[in-house]
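Source file upload_20.txt; content: compact mmCIF, N, CA and C atoms.
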# COMPACT_ATOMS: atom_id res chain seq x y z
N MET A 19 -150.88 -1.11 292.15
CA MET A 19 -152.18 -1.13 292.77
C MET A 19 -153.13 -1.98 291.89
N ASP A 20 -153.86 -2.87 292.52
CA ASP A 20 -154.75 -3.76 291.79
C ASP A 20 -156.15 -3.16 291.76
N TYR A 21 -156.48 -2.53 290.65
CA TYR A 21 -157.76 -1.84 290.52
C TYR A 21 -158.94 -2.80 290.48
N LYS A 22 -158.70 -4.01 289.99
CA LYS A 22 -159.79 -5.00 289.93
C LYS A 22 -160.25 -5.37 291.33
N LYS A 23 -159.32 -5.57 292.26
CA LYS A 23 -159.68 -5.90 293.64
C LYS A 23 -160.41 -4.74 294.31
N ILE A 24 -159.96 -3.54 294.03
CA ILE A 24 -160.60 -2.36 294.60
C ILE A 24 -162.04 -2.24 294.07
N ALA A 25 -162.21 -2.43 292.77
CA ALA A 25 -163.55 -2.34 292.18
C ALA A 25 -164.47 -3.42 292.74
N LEU A 26 -163.97 -4.65 292.87
CA LEU A 26 -164.79 -5.72 293.43
C LEU A 26 -165.13 -5.46 294.89
N GLY A 27 -164.19 -4.90 295.64
CA GLY A 27 -164.44 -4.55 297.03
C GLY A 27 -165.51 -3.49 297.16
N LEU A 28 -165.43 -2.47 296.32
CA LEU A 28 -166.45 -1.42 296.33
C LEU A 28 -167.81 -1.96 295.91
N LEU A 29 -167.83 -2.84 294.94
CA LEU A 29 -169.08 -3.46 294.52
C LEU A 29 -169.67 -4.30 295.65
N GLY A 30 -168.83 -5.02 296.36
CA GLY A 30 -169.30 -5.81 297.51
C GLY A 30 -169.86 -4.93 298.61
N LEU A 31 -169.16 -3.83 298.90
CA LEU A 31 -169.66 -2.90 299.92
C LEU A 31 -171.00 -2.29 299.51
N PHE A 32 -171.13 -1.97 298.23
CA PHE A 32 -172.40 -1.42 297.75
C PHE A 32 -173.51 -2.45 297.88
N ALA A 33 -173.21 -3.72 297.56
CA ALA A 33 -174.22 -4.78 297.68
C ALA A 33 -174.66 -4.94 299.13
N ILE A 34 -173.71 -4.93 300.06
CA ILE A 34 -174.04 -5.06 301.48
C ILE A 34 -174.88 -3.87 301.94
N TYR A 35 -174.49 -2.67 301.53
CA TYR A 35 -175.26 -1.47 301.88
C TYR A 35 -176.68 -1.56 301.34
N SER A 36 -176.83 -2.02 300.09
CA SER A 36 -178.16 -2.13 299.47
C SER A 36 -179.03 -3.13 300.22
N ILE A 37 -178.44 -4.25 300.62
CA ILE A 37 -179.19 -5.27 301.34
C ILE A 37 -179.64 -4.75 302.70
N ILE A 38 -178.75 -4.05 303.38
CA ILE A 38 -179.08 -3.54 304.72
C ILE A 38 -180.12 -2.42 304.63
N SER A 39 -179.98 -1.55 303.64
CA SER A 39 -180.87 -0.39 303.58
C SER A 39 -182.27 -0.74 303.07
N SER A 40 -182.39 -1.72 302.19
CA SER A 40 -183.73 -2.11 301.69
C SER A 40 -183.75 -3.61 301.39
N PRO A 41 -183.92 -4.41 302.43
CA PRO A 41 -183.86 -5.87 302.24
C PRO A 41 -184.98 -6.43 301.36
N SER A 42 -186.16 -5.81 301.37
CA SER A 42 -187.24 -6.34 300.54
C SER A 42 -186.94 -6.16 299.05
N GLN A 43 -186.38 -5.02 298.69
CA GLN A 43 -186.02 -4.81 297.30
C GLN A 43 -184.87 -5.72 296.89
N ALA A 44 -183.93 -5.97 297.80
CA ALA A 44 -182.82 -6.88 297.51
C ALA A 44 -183.34 -8.30 297.30
N ALA A 45 -184.31 -8.70 298.12
CA ALA A 45 -184.89 -10.03 297.97
C ALA A 45 -185.63 -10.16 296.64
N ASP A 46 -186.34 -9.12 296.25
CA ASP A 46 -187.04 -9.14 294.96
C ASP A 46 -186.05 -9.26 293.81
N LEU A 47 -184.95 -8.54 293.91
CA LEU A 47 -183.93 -8.60 292.86
C LEU A 47 -183.32 -9.99 292.77
N VAL A 48 -183.03 -10.60 293.91
CA VAL A 48 -182.46 -11.95 293.91
C VAL A 48 -183.46 -12.93 293.30
N GLN A 49 -184.73 -12.79 293.61
CA GLN A 49 -185.75 -13.67 293.05
C GLN A 49 -185.81 -13.52 291.53
N VAL A 50 -185.76 -12.31 291.05
CA VAL A 50 -185.80 -12.07 289.60
C VAL A 50 -184.58 -12.69 288.92
N VAL A 51 -183.41 -12.52 289.53
CA VAL A 51 -182.18 -13.08 288.95
C VAL A 51 -182.26 -14.60 288.90
N PHE A 52 -182.72 -15.25 289.97
CA PHE A 52 -182.83 -16.70 289.97
C PHE A 52 -183.87 -17.19 288.97
N GLU A 53 -184.96 -16.47 288.80
CA GLU A 53 -185.95 -16.84 287.79
C GLU A 53 -185.35 -16.74 286.39
N TRP A 54 -184.56 -15.71 286.15
CA TRP A 54 -183.92 -15.52 284.85
C TRP A 54 -182.93 -16.66 284.59
N ILE A 55 -182.15 -17.02 285.60
CA ILE A 55 -181.19 -18.12 285.45
C ILE A 55 -181.93 -19.43 285.20
N SER A 56 -183.03 -19.63 285.89
CA SER A 56 -183.83 -20.84 285.69
C SER A 56 -184.38 -20.92 284.27
N GLU A 57 -184.89 -19.83 283.78
CA GLU A 57 -185.41 -19.79 282.41
C GLU A 57 -184.30 -20.03 281.40
N LEU A 58 -183.14 -19.46 281.65
CA LEU A 58 -182.00 -19.65 280.75
C LEU A 58 -181.59 -21.12 280.72
N ALA A 59 -181.51 -21.75 281.88
CA ALA A 59 -181.14 -23.17 281.94
C ALA A 59 -182.19 -24.02 281.25
N ARG A 60 -183.45 -23.72 281.43
CA ARG A 60 -184.53 -24.47 280.77
C ARG A 60 -184.43 -24.32 279.25
N ALA A 61 -184.16 -23.11 278.79
CA ALA A 61 -184.04 -22.88 277.34
C ALA A 61 -182.85 -23.63 276.76
N ILE A 62 -181.73 -23.62 277.47
CA ILE A 62 -180.56 -24.37 277.00
C ILE A 62 -180.87 -25.86 276.97
N GLY A 63 -181.56 -26.37 277.97
CA GLY A 63 -181.96 -27.77 277.99
C GLY A 63 -182.88 -28.11 276.83
N ASP A 64 -183.82 -27.22 276.52
CA ASP A 64 -184.71 -27.44 275.38
C ASP A 64 -183.94 -27.50 274.06
N VAL A 65 -182.99 -26.59 273.90
CA VAL A 65 -182.18 -26.58 272.67
C VAL A 65 -181.38 -27.86 272.56
N MET A 66 -180.73 -28.28 273.65
CA MET A 66 -179.94 -29.50 273.62
C MET A 66 -180.82 -30.71 273.34
N SER A 67 -182.00 -30.76 273.93
CA SER A 67 -182.93 -31.85 273.70
C SER A 67 -183.35 -31.90 272.24
N ASP A 68 -183.66 -30.74 271.67
CA ASP A 68 -184.04 -30.69 270.26
C ASP A 68 -182.89 -31.13 269.36
N LEU A 69 -181.67 -30.72 269.69
CA LEU A 69 -180.52 -31.13 268.89
C LEU A 69 -180.32 -32.64 268.96
N LEU A 70 -180.46 -33.22 270.15
CA LEU A 70 -180.31 -34.67 270.27
C LEU A 70 -181.43 -35.41 269.55
N ASP A 71 -182.65 -34.89 269.62
CA ASP A 71 -183.77 -35.51 268.91
C ASP A 71 -183.54 -35.47 267.39
N ASP A 72 -183.06 -34.33 266.89
CA ASP A 72 -182.78 -34.20 265.45
C ASP A 72 -181.66 -35.14 265.04
N ALA A 73 -180.64 -35.27 265.88
CA ALA A 73 -179.51 -36.13 265.53
C ALA A 73 -179.92 -37.60 265.53
N SER A 74 -180.76 -37.99 266.47
CA SER A 74 -181.18 -39.41 266.54
C SER A 74 -182.19 -39.75 265.46
N SER A 75 -182.99 -38.78 265.02
CA SER A 75 -183.99 -39.07 264.00
C SER A 75 -183.37 -39.09 262.59
N SER A 76 -182.20 -38.49 262.42
CA SER A 76 -181.57 -38.47 261.10
C SER A 76 -180.77 -39.75 260.83
N GLU A 77 -180.61 -40.60 261.83
CA GLU A 77 -179.85 -41.84 261.64
C GLU A 77 -180.70 -42.92 261.04

Spell out the structure here as structure tokens.
Amino acid sequence: MDYKKIALGLLGLFAIYSIISSPSQAADLVQVVFEWISELARAIGDVMSDLLDDASSSE
């Protein structure tokens, strides 16, 4: 028996139930997650930019 597939299926069913039962809260959660991902990507870009600037200025 593949417990990973069962767990993912149950998680998917819970997500669908949550969306159907309270769509406004689900939308708020999705917005927060996308904002967090956006901030993370921006921070990684800033770090990479700083690293490239430091590498080019040391030459």

*Name the residues in contact with segment 22-35 of chain A at a cut-off of 12 Å, using only C-alpha atoms, excluding same-chain residues fewer than 5 positions from it; report them as a list in words.*
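Near segment 22-35 of chain A, the qualifying residues are Ser40, Pro41, Gln43, Ala44, Ala45, Leu47 and Val48 of chain A.
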
*Gap from atom C of Asp64 of chain A to atom CA of Asp46 of chain A - Å, one decimal*: 28.0 Å

*What is the atom C of Ser56 of chain A-atom C of Asp68 of chain A distance in Å, reported with one decimal?*
18.1 Å

*Quick one, how far is atom CA of Val50 of chain A from atom C of Ile37 of chain A?*
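For atom CA of Val50 of chain A relative to atom C of Ile37 of chain A, the distance reads 16.2 Å.
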